[in-house]
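S.K.: Next up, run-v9.txt (compact mmCIF, C-alpha atoms).
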```txt
# COMPACT_ATOMS: atom_id res chain seq x y z
CA MET A 1 88.06 65.73 105.72
CA LEU A 2 91.51 67.34 105.78
CA HIS A 3 90.41 69.84 103.13
CA ARG A 4 87.33 70.83 105.15
CA LEU A 5 89.40 71.39 108.28
CA LYS A 6 92.04 73.54 106.59
CA LYS A 7 92.26 77.03 108.06
CA LEU A 8 91.66 80.08 105.93
CA LYS A 9 94.83 81.90 104.89
CA ASN A 10 95.24 85.63 105.44
CA THR A 11 95.34 86.18 101.69
CA GLU A 12 92.07 84.29 101.21
CA ILE A 13 90.31 86.29 103.92
CA TYR A 14 91.75 89.53 102.52
CA SER A 15 90.32 88.70 99.09
CA SER A 16 86.88 88.19 100.68
CA TYR A 17 87.22 91.52 102.50
CA CYS A 18 87.88 93.30 99.21
CA ASP A 19 84.91 91.56 97.59
CA SER A 20 82.71 92.81 100.43
CA PHE A 21 84.10 96.28 101.18
CA GLY A 22 85.83 97.39 97.98
CA THR A 23 89.37 98.68 97.59
CA PRO A 24 91.21 99.47 100.84
CA SER A 25 92.58 102.95 101.38
CA ARG A 26 95.24 101.87 103.88
CA ILE A 27 96.67 98.65 105.28
CA TYR A 28 98.62 98.55 108.53
CA LYS A 29 100.82 95.72 109.74
CA CYS A 30 102.37 94.85 113.08
CA SER A 31 103.79 91.78 114.77
CA TRP A 32 102.28 90.06 117.78
CA GLN A 33 105.38 90.95 119.78
CA GLU A 34 105.38 94.71 119.11
CA THR A 35 102.93 97.59 119.48
CA VAL A 36 104.42 99.55 116.58
CA PHE A 37 102.52 99.32 113.30
CA LYS A 38 103.39 100.54 109.82
CA GLU A 39 101.51 101.18 106.61
CA VAL A 40 102.08 98.53 103.92
CA GLY A 41 100.86 97.73 100.42
CA ASN A 42 98.61 94.96 99.09
CA SER A 43 101.57 92.85 98.05
CA GLU A 44 102.90 92.78 101.62
CA ILE A 45 99.96 90.82 103.02
CA SER A 46 101.27 87.35 103.79
CA ASN A 47 100.13 84.18 105.50
CA ASP A 48 102.78 84.62 108.18
CA LYS A 49 101.09 83.64 111.46
CA ASP A 50 103.15 86.22 113.37
CA SER A 51 101.69 89.19 111.46
CA LEU A 52 98.54 91.13 112.29
CA TYR A 53 96.88 93.56 109.88
CA ILE A 54 94.34 96.36 110.29
CA ILE A 55 92.65 97.29 107.03
CA GLU A 56 90.82 100.55 106.34
CA PHE A 57 88.11 100.65 103.66
CA PRO A 58 86.52 103.97 102.61
CA PRO A 59 82.79 104.39 101.92
CA GLN A 60 81.78 102.89 98.58
CA ASN A 61 78.54 102.57 96.65
CA GLU A 62 75.70 101.90 99.12
CA ARG A 63 78.09 101.63 102.06
CA PRO A 64 78.31 105.12 103.66
CA VAL A 65 80.72 104.28 106.48
CA TRP A 66 84.45 103.76 106.91
CA THR A 67 85.25 100.13 107.67
CA TYR A 68 88.15 99.03 109.87
CA ILE A 69 88.74 95.30 110.13
CA THR A 70 91.45 93.04 111.51
CA LEU A 71 93.21 90.30 109.61
CA GLY A 72 95.21 87.57 111.34
CA MET A 73 93.61 87.61 114.78
CA SER A 74 91.65 84.46 113.93
CA LYS A 75 94.91 82.52 113.54
CA LYS A 76 94.88 82.21 117.33
CA LYS A 77 92.21 80.70 119.58
CA MET A 78 91.10 82.55 122.70
CA ILE A 79 90.77 80.57 125.92
CA ASN A 80 87.01 80.20 125.32
CA GLY A 81 87.85 78.32 122.11
CA LEU A 82 86.68 81.08 119.76
CA ARG A 83 88.61 82.51 116.85
CA SER A 84 87.59 85.97 115.72
CA GLU A 85 88.27 89.08 113.70
CA LEU A 86 87.16 92.55 114.79
CA ILE A 87 85.27 95.14 112.75
CA TRP A 88 84.68 98.82 113.61
CA LEU A 89 82.45 101.04 111.50
CA ASN A 90 82.78 104.81 111.69
CA GLU A 91 81.24 107.79 109.91
CA GLN A 92 84.68 109.22 109.15
CA SER A 93 88.30 108.17 108.87
CA HIS A 94 89.92 108.02 112.29
CA LYS A 95 93.50 106.83 112.82
CA GLU A 96 92.97 106.27 116.55
CA ILE A 97 90.76 103.32 115.61
CA ILE A 98 93.82 101.64 114.11
CA LYS A 99 95.71 101.94 117.39
CA LEU A 100 92.74 100.66 119.39
CA LEU A 101 92.22 97.66 117.10
CA VAL A 102 95.86 96.68 117.41
CA GLY A 103 95.55 96.65 121.19
CA LEU A 104 92.16 94.94 121.29
CA SER A 105 93.31 92.21 118.90
CA LYS A 106 96.18 91.29 121.20
CA TYR A 107 94.38 91.82 124.50
CA PRO A 108 92.79 88.33 124.86
CA PHE A 109 96.11 86.59 124.27
CA TYR A 110 98.25 88.83 126.46
CA ASP A 111 95.77 88.82 129.36
CA HIS A 112 94.75 85.15 128.97
CA THR A 113 91.09 86.04 128.57
CA SER A 114 88.46 86.01 125.83
CA LEU A 115 86.12 88.25 123.90
CA ASP A 116 82.51 87.28 123.28
CA TYR A 117 79.13 88.70 122.30
CA GLY A 118 77.53 90.98 124.85
CA GLN A 119 80.75 92.03 126.55
CA THR A 120 81.52 95.71 126.95
CA ILE A 121 85.02 97.15 126.92
CA SER A 122 85.68 100.45 128.64
CA ASN A 123 88.39 102.85 127.53
CA SER A 124 91.00 103.10 130.29
CA GLU A 125 92.47 106.29 128.83
CA THR A 126 91.58 109.48 130.71
CA ASN A 127 91.62 111.49 127.49
CA SER A 128 89.83 110.22 124.40
CA SER A 129 88.72 111.79 121.16
CA PHE A 130 85.58 109.66 121.22
CA LYS A 131 82.33 110.86 122.78
CA MET A 132 81.42 107.34 123.87
CA ASN A 133 83.83 105.54 126.14
CA SER A 134 82.60 101.93 125.93
CA LEU A 135 82.50 99.36 123.17
CA LEU A 136 79.82 96.70 122.88
CA ILE A 137 80.78 93.43 121.19
CA CYS A 138 77.82 92.45 119.04
CA PRO A 139 76.95 90.73 115.76
CA PRO A 140 77.62 92.81 112.62
CA ILE A 141 74.01 93.90 112.11
CA MET A 142 75.24 96.77 109.95
CA GLU A 143 76.43 94.32 107.33
CA THR A 144 74.30 93.95 104.21
CA GLU A 145 73.91 91.45 101.41
CA ASP A 146 77.28 92.62 100.05
CA THR A 147 78.99 90.86 102.96
CA ALA A 148 76.81 87.74 103.02
CA HIS A 149 79.52 85.68 101.31
CA LEU A 150 82.16 86.77 103.83
CA LEU A 151 79.91 85.97 106.79
CA ASP A 152 79.09 82.60 105.24
CA ILE A 153 82.80 81.78 104.93
CA PHE A 154 83.41 82.81 108.53
CA GLU A 155 80.52 80.67 109.73
CA LYS A 156 81.78 77.60 107.87
CA LYS A 157 85.27 78.10 109.29
CA HIS A 158 83.96 78.84 112.80
CA ILE A 159 85.33 82.39 112.87
CA GLU A 160 83.35 85.08 114.66
CA LEU A 161 83.17 88.63 113.31
CA PHE A 162 82.82 90.87 116.35
CA TRP A 163 81.40 94.33 115.70
CA LEU A 164 82.91 96.82 118.15
CA LEU A 165 80.09 99.31 118.60
CA PRO A 166 80.67 102.47 120.69
CA ILE A 167 77.86 103.00 123.20
CA HIS A 168 76.93 105.55 125.85
CA GLN A 169 77.11 104.84 129.58
CA GLU A 170 73.30 104.99 129.70
CA GLU A 171 73.13 102.25 127.07
CA LYS A 172 75.73 100.20 128.94
CA ASN A 173 73.67 100.52 132.12
CA PHE A 174 70.58 99.38 130.19
CA ILE A 175 72.41 96.20 129.15
CA LYS A 176 73.54 95.60 132.73
CA ASP A 177 70.01 96.10 134.04
CA LYS A 178 68.46 93.74 131.47
CA GLN A 179 71.38 91.29 131.70
CA ASP A 180 70.98 90.74 127.97
CA PHE A 181 72.66 92.90 125.32
CA THR A 182 70.15 91.80 122.68
CA LYS A 183 67.45 93.77 124.51
CA LEU A 184 69.27 96.95 123.50
CA LEU A 185 69.46 95.82 119.87
CA GLU A 186 65.76 94.91 119.93
CA LEU A 187 64.91 98.34 121.32
CA TRP A 188 66.81 100.04 118.51
CA ILE A 189 65.00 97.87 115.97
CA GLU A 190 61.64 98.76 117.54
CA LYS A 191 62.55 102.44 117.22
CA ASP A 192 63.48 101.82 113.57
CA ILE A 193 66.93 103.32 114.06
CA ASP A 194 69.10 103.20 110.97
CA PRO A 195 72.26 101.17 111.80
CA VAL A 196 74.29 103.87 110.01
CA ILE A 197 73.36 106.28 112.82
CA LEU A 198 74.96 103.89 115.31
CA CYS A 199 78.27 104.34 113.46
CA ASN A 200 78.32 108.06 114.20
CA SER A 201 80.86 108.61 116.98
CA GLU A 202 79.08 111.88 117.92
CA ARG A 203 75.59 110.42 118.18
CA GLU A 204 73.39 110.92 121.22
CA SER A 205 72.12 108.06 123.35
CA MET A 206 69.39 106.06 121.61
CA LEU A 207 67.45 105.39 124.79
```
Translate this file's structure into structure tokens.
M.R.:
Amino acid sequence: MLHRLKKLKNTEIYSSYCDSFGTPSRIYKCSWQETVFKEVGNSEISNDKDSLYIIEFPPQNERPVWTYITLGMSKKKMINGLRSELIWLNEQSHKEIIKLLVGLSKYPFYDHTSLDYGQTISNSETNSSFKMNSLLICPPIMETEDTAHLLDIFEKKHIELFWLLPIHQEEKNFIKDKQDFTKLLELWIEKDIDPVILCNSERESML
């Protein structure tokens, strides 16, 4: 029983990330107490509970997008009882995503709130380099069979992998009107929209 309840270590999760997404191009580290982050090497990833990492993976093989994923956020439980890591997929490398992921990882714990599926997060910055100013928290529907093992591990350890998907205001309004974010996903599926298109930060609204 004790073995089954043991939490995953950062190094174990990192190994699963590499199995799923390939070799990282950059790894960033920061502490929970500071907003400053620095680039580190593979050997500097530790199981220290006070460290948070953002890992950047370049496109590889059949995976045409850049992958940004957190490591260490799931060491803490949000007030809704969930533990999670965040993933952001983008058509090109974008350092601002690193900064945003650092802030979003800490947000639930600093503001005593929670993240969950179907929520939207609006950018409070007046100036942004992104065309879309809201993020939808949804299941990682972009993920393929290459990540099945990672998702299986997360499921067994009760860790959620939240995909932060940029959406247009029109799409956000659609979710609000339907009161169900899955209706938007279903609409995209009906239109046979390639999930890779959704990772394009310059895309037009899909409604």
S.K.: Quick one: of A:Ser31, A:Ser46, A:Asn200, A:Asn123, who's nearest to A:Asn90, counting all atoms listed in the file?
M.R.: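 With all atoms listed in the file as the atom set, the closest residue is A:Asn200.
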S.K.: Looking at A:Asp146, A:Glu186, A:Glu202, A:Asp180, which one is nearest to A:Pro166, with distances taken over only C-alpha atoms?
M.R.: A:Glu202
S.K.: Name the closest residue to A:Gln119 among the candidates A:Phe162, A:Tyr14, A:Phe154, A:Tyr107; distances are taken between atoms, counting all atoms listed in the file.
M.R.: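 Going through A:Phe162, A:Tyr14, A:Phe154, A:Tyr107 one by one, the smallest distance to A:Gln119 is for A:Phe162.
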S.K.: Which residues come within 8 Å of A:Leu71, counting only C-alpha atoms, excluding same-chain residues fewer than 6 positions away, as a VMD selection string?
M.R.: chain A and resid 10 13 to 14 52 to 55 85
S.K.: Nearest residue to A:Gly118 out of A:Gln169, A:Ser205, A:Thr182, A:Asn80, using only C-alpha atoms?
M.R.: A:Thr182
S.K.: Between atom CA of A:Glu62 and atom CA of A:Ile87, what distance in Å does the model show, to one decimal?
M.R.: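 Here the two named atoms are 18.0 Å from each other.
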S.K.: Please complete stretch 151-186 of chain A with N, CA and C atoms and give it back as a PDB file, in the frame of the given file.
M.R.:
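Just written: rebuild.pdb:
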```
ATOM      1  N   LEU A 151      80.461  86.512 105.551  1.00  0.00           N
ATOM      2  CA  LEU A 151      79.910  85.970 106.790  1.00  0.00           C
ATOM      3  C   LEU A 151      79.657  84.474 106.667  1.00  0.00           C
ATOM      4  N   ASP A 152      79.309  84.031 105.476  1.00  0.00           N
ATOM      5  CA  ASP A 152      79.090  82.600 105.240  1.00  0.00           C
ATOM      6  C   ASP A 152      80.410  81.836 105.370  1.00  0.00           C
ATOM      7  N   ILE A 153      81.474  82.410 104.824  1.00  0.00           N
ATOM      8  CA  ILE A 153      82.800  81.780 104.930  1.00  0.00           C
ATOM      9  C   ILE A 153      83.228  81.691 106.380  1.00  0.00           C
ATOM     10  N   PHE A 154      83.037  82.791 107.111  1.00  0.00           N
ATOM     11  CA  PHE A 154      83.410  82.810 108.530  1.00  0.00           C
ATOM     12  C   PHE A 154      82.629  81.759 109.308  1.00  0.00           C
ATOM     13  N   GLU A 155      81.346  81.646 109.009  1.00  0.00           N
ATOM     14  CA  GLU A 155      80.520  80.670 109.730  1.00  0.00           C
ATOM     15  C   GLU A 155      81.003  79.250 109.467  1.00  0.00           C
ATOM     16  N   LYS A 156      81.322  78.954 108.224  1.00  0.00           N
ATOM     17  CA  LYS A 156      81.780  77.600 107.870  1.00  0.00           C
ATOM     18  C   LYS A 156      83.121  77.285 108.515  1.00  0.00           C
ATOM     19  N   LYS A 157      83.945  78.299 108.700  1.00  0.00           N
ATOM     20  CA  LYS A 157      85.270  78.100 109.290  1.00  0.00           C
ATOM     21  C   LYS A 157      85.286  78.383 110.790  1.00  0.00           C
ATOM     22  N   HIS A 158      84.099  78.605 111.354  1.00  0.00           N
ATOM     23  CA  HIS A 158      83.960  78.840 112.800  1.00  0.00           C
ATOM     24  C   HIS A 158      84.800  80.033 113.268  1.00  0.00           C
ATOM     25  N   ILE A 159      84.691  81.122 112.504  1.00  0.00           N
ATOM     26  CA  ILE A 159      85.330  82.390 112.870  1.00  0.00           C
ATOM     27  C   ILE A 159      84.229  83.398 113.168  1.00  0.00           C
ATOM     28  N   GLU A 160      84.324  84.060 114.302  1.00  0.00           N
ATOM     29  CA  GLU A 160      83.350  85.080 114.660  1.00  0.00           C
ATOM     30  C   GLU A 160      83.812  86.443 114.139  1.00  0.00           C
ATOM     31  N   LEU A 161      82.870  87.248 113.678  1.00  0.00           N
ATOM     32  CA  LEU A 161      83.170  88.630 113.310  1.00  0.00           C
ATOM     33  C   LEU A 161      82.510  89.521 114.348  1.00  0.00           C
ATOM     34  N   PHE A 162      83.326  90.045 115.259  1.00  0.00           N
ATOM     35  CA  PHE A 162      82.820  90.870 116.350  1.00  0.00           C
ATOM     36  C   PHE A 162      82.770  92.335 115.938  1.00  0.00           C
ATOM     37  N   TRP A 163      81.559  92.898 115.971  1.00  0.00           N
ATOM     38  CA  TRP A 163      81.400  94.330 115.700  1.00  0.00           C
ATOM     39  C   TRP A 163      81.633  95.088 116.991  1.00  0.00           C
ATOM     40  N   LEU A 164      82.620  95.971 117.003  1.00  0.00           N
ATOM     41  CA  LEU A 164      82.910  96.820 118.150  1.00  0.00           C
ATOM     42  C   LEU A 164      82.113  98.108 117.993  1.00  0.00           C
ATOM     43  N   LEU A 165      81.036  98.203 118.748  1.00  0.00           N
ATOM     44  CA  LEU A 165      80.090  99.310 118.600  1.00  0.00           C
ATOM     45  C   LEU A 165      80.198 100.261 119.798  1.00  0.00           C
ATOM     46  N   PRO A 166      80.624 101.504 119.589  1.00  0.00           N
ATOM     47  CA  PRO A 166      80.670 102.470 120.690  1.00  0.00           C
ATOM     48  C   PRO A 166      79.268 102.742 121.240  1.00  0.00           C
ATOM     49  N   ILE A 167      79.146 102.727 122.569  1.00  0.00           N
ATOM     50  CA  ILE A 167      77.860 103.000 123.200  1.00  0.00           C
ATOM     51  C   ILE A 167      78.040 103.985 124.360  1.00  0.00           C
ATOM     52  N   HIS A 168      76.932 104.622 124.729  1.00  0.00           N
ATOM     53  CA  HIS A 168      76.930 105.550 125.850  1.00  0.00           C
ATOM     54  C   HIS A 168      76.827 104.789 127.177  1.00  0.00           C
ATOM     55  N   GLN A 169      77.207 105.451 128.252  1.00  0.00           N
ATOM     56  CA  GLN A 169      77.110 104.840 129.580  1.00  0.00           C
ATOM     57  C   GLN A 169      75.677 104.458 129.898  1.00  0.00           C
ATOM     58  N   GLU A 170      74.727 105.289 129.476  1.00  0.00           N
ATOM     59  CA  GLU A 170      73.300 104.990 129.700  1.00  0.00           C
ATOM     60  C   GLU A 170      72.904 103.688 129.011  1.00  0.00           C
ATOM     61  N   GLU A 171      73.428 103.475 127.809  1.00  0.00           N
ATOM     62  CA  GLU A 171      73.130 102.250 127.070  1.00  0.00           C
ATOM     63  C   GLU A 171      73.812 101.045 127.714  1.00  0.00           C
ATOM     64  N   LYS A 172      75.019 101.268 128.215  1.00  0.00           N
ATOM     65  CA  LYS A 172      75.730 100.200 128.940  1.00  0.00           C
ATOM     66  C   LYS A 172      74.976  99.812 130.195  1.00  0.00           C
ATOM     67  N   ASN A 173      74.445 100.797 130.907  1.00  0.00           N
ATOM     68  CA  ASN A 173      73.670 100.520 132.120  1.00  0.00           C
ATOM     69  C   ASN A 173      72.388  99.756 131.791  1.00  0.00           C
ATOM     70  N   PHE A 174      71.796 100.082 130.637  1.00  0.00           N
ATOM     71  CA  PHE A 174      70.580  99.380 130.190  1.00  0.00           C
ATOM     72  C   PHE A 174      70.878  97.893 129.995  1.00  0.00           C
ATOM     73  N   ILE A 175      72.008  97.590 129.365  1.00  0.00           N
ATOM     74  CA  ILE A 175      72.410  96.200 129.150  1.00  0.00           C
ATOM     75  C   ILE A 175      72.619  95.496 130.483  1.00  0.00           C
ATOM     76  N   LYS A 176      73.281  96.182 131.404  1.00  0.00           N
ATOM     77  CA  LYS A 176      73.540  95.600 132.730  1.00  0.00           C
ATOM     78  C   LYS A 176      72.243  95.332 133.469  1.00  0.00           C
ATOM     79  N   ASP A 177      71.297  96.247 133.360  1.00  0.00           N
ATOM     80  CA  ASP A 177      70.010  96.100 134.040  1.00  0.00           C
ATOM     81  C   ASP A 177      69.210  94.936 133.468  1.00  0.00           C
ATOM     82  N   LYS A 178      69.220  94.811 132.135  1.00  0.00           N
ATOM     83  CA  LYS A 178      68.460  93.740 131.470  1.00  0.00           C
ATOM     84  C   LYS A 178      69.209  92.414 131.480  1.00  0.00           C
ATOM     85  N   GLN A 179      70.514  92.475 131.719  1.00  0.00           N
ATOM     86  CA  GLN A 179      71.380  91.290 131.700  1.00  0.00           C
ATOM     87  C   GLN A 179      71.294  90.545 130.368  1.00  0.00           C
ATOM     88  N   ASP A 180      71.091  91.322 129.313  1.00  0.00           N
ATOM     89  CA  ASP A 180      70.980  90.740 127.970  1.00  0.00           C
ATOM     90  C   ASP A 180      71.206  91.860 126.950  1.00  0.00           C
ATOM     91  N   PHE A 181      72.339  91.826 126.266  1.00  0.00           N
ATOM     92  CA  PHE A 181      72.660  92.900 125.320  1.00  0.00           C
ATOM     93  C   PHE A 181      71.700  92.945 124.148  1.00  0.00           C
ATOM     94  N   THR A 182      71.061  91.814 123.829  1.00  0.00           N
ATOM     95  CA  THR A 182      70.150  91.800 122.680  1.00  0.00           C
ATOM     96  C   THR A 182      68.906  92.654 122.927  1.00  0.00           C
ATOM     97  N   LYS A 183      68.602  92.917 124.201  1.00  0.00           N
ATOM     98  CA  LYS A 183      67.450  93.770 124.510  1.00  0.00           C
ATOM     99  C   LYS A 183      67.685  95.191 123.996  1.00  0.00           C
ATOM    100  N   LEU A 184      68.943  95.624 124.025  1.00  0.00           N
ATOM    101  CA  LEU A 184      69.270  96.950 123.500  1.00  0.00           C
ATOM    102  C   LEU A 184      69.120  96.958 121.976  1.00  0.00           C
ATOM    103  N   LEU A 185      69.593  95.909 121.324  1.00  0.00           N
ATOM    104  CA  LEU A 185      69.460  95.820 119.870  1.00  0.00           C
ATOM    105  C   LEU A 185      67.987  95.769 119.467  1.00  0.00           C
ATOM    106  N   GLU A 186      67.200  95.012 120.222  1.00  0.00           N
ATOM    107  CA  GLU A 186      65.760  94.910 119.930  1.00  0.00           C
ATOM    108  C   GLU A 186      65.078  96.263 120.087  1.00  0.00           C
TER     109      GLU A 186
END
```
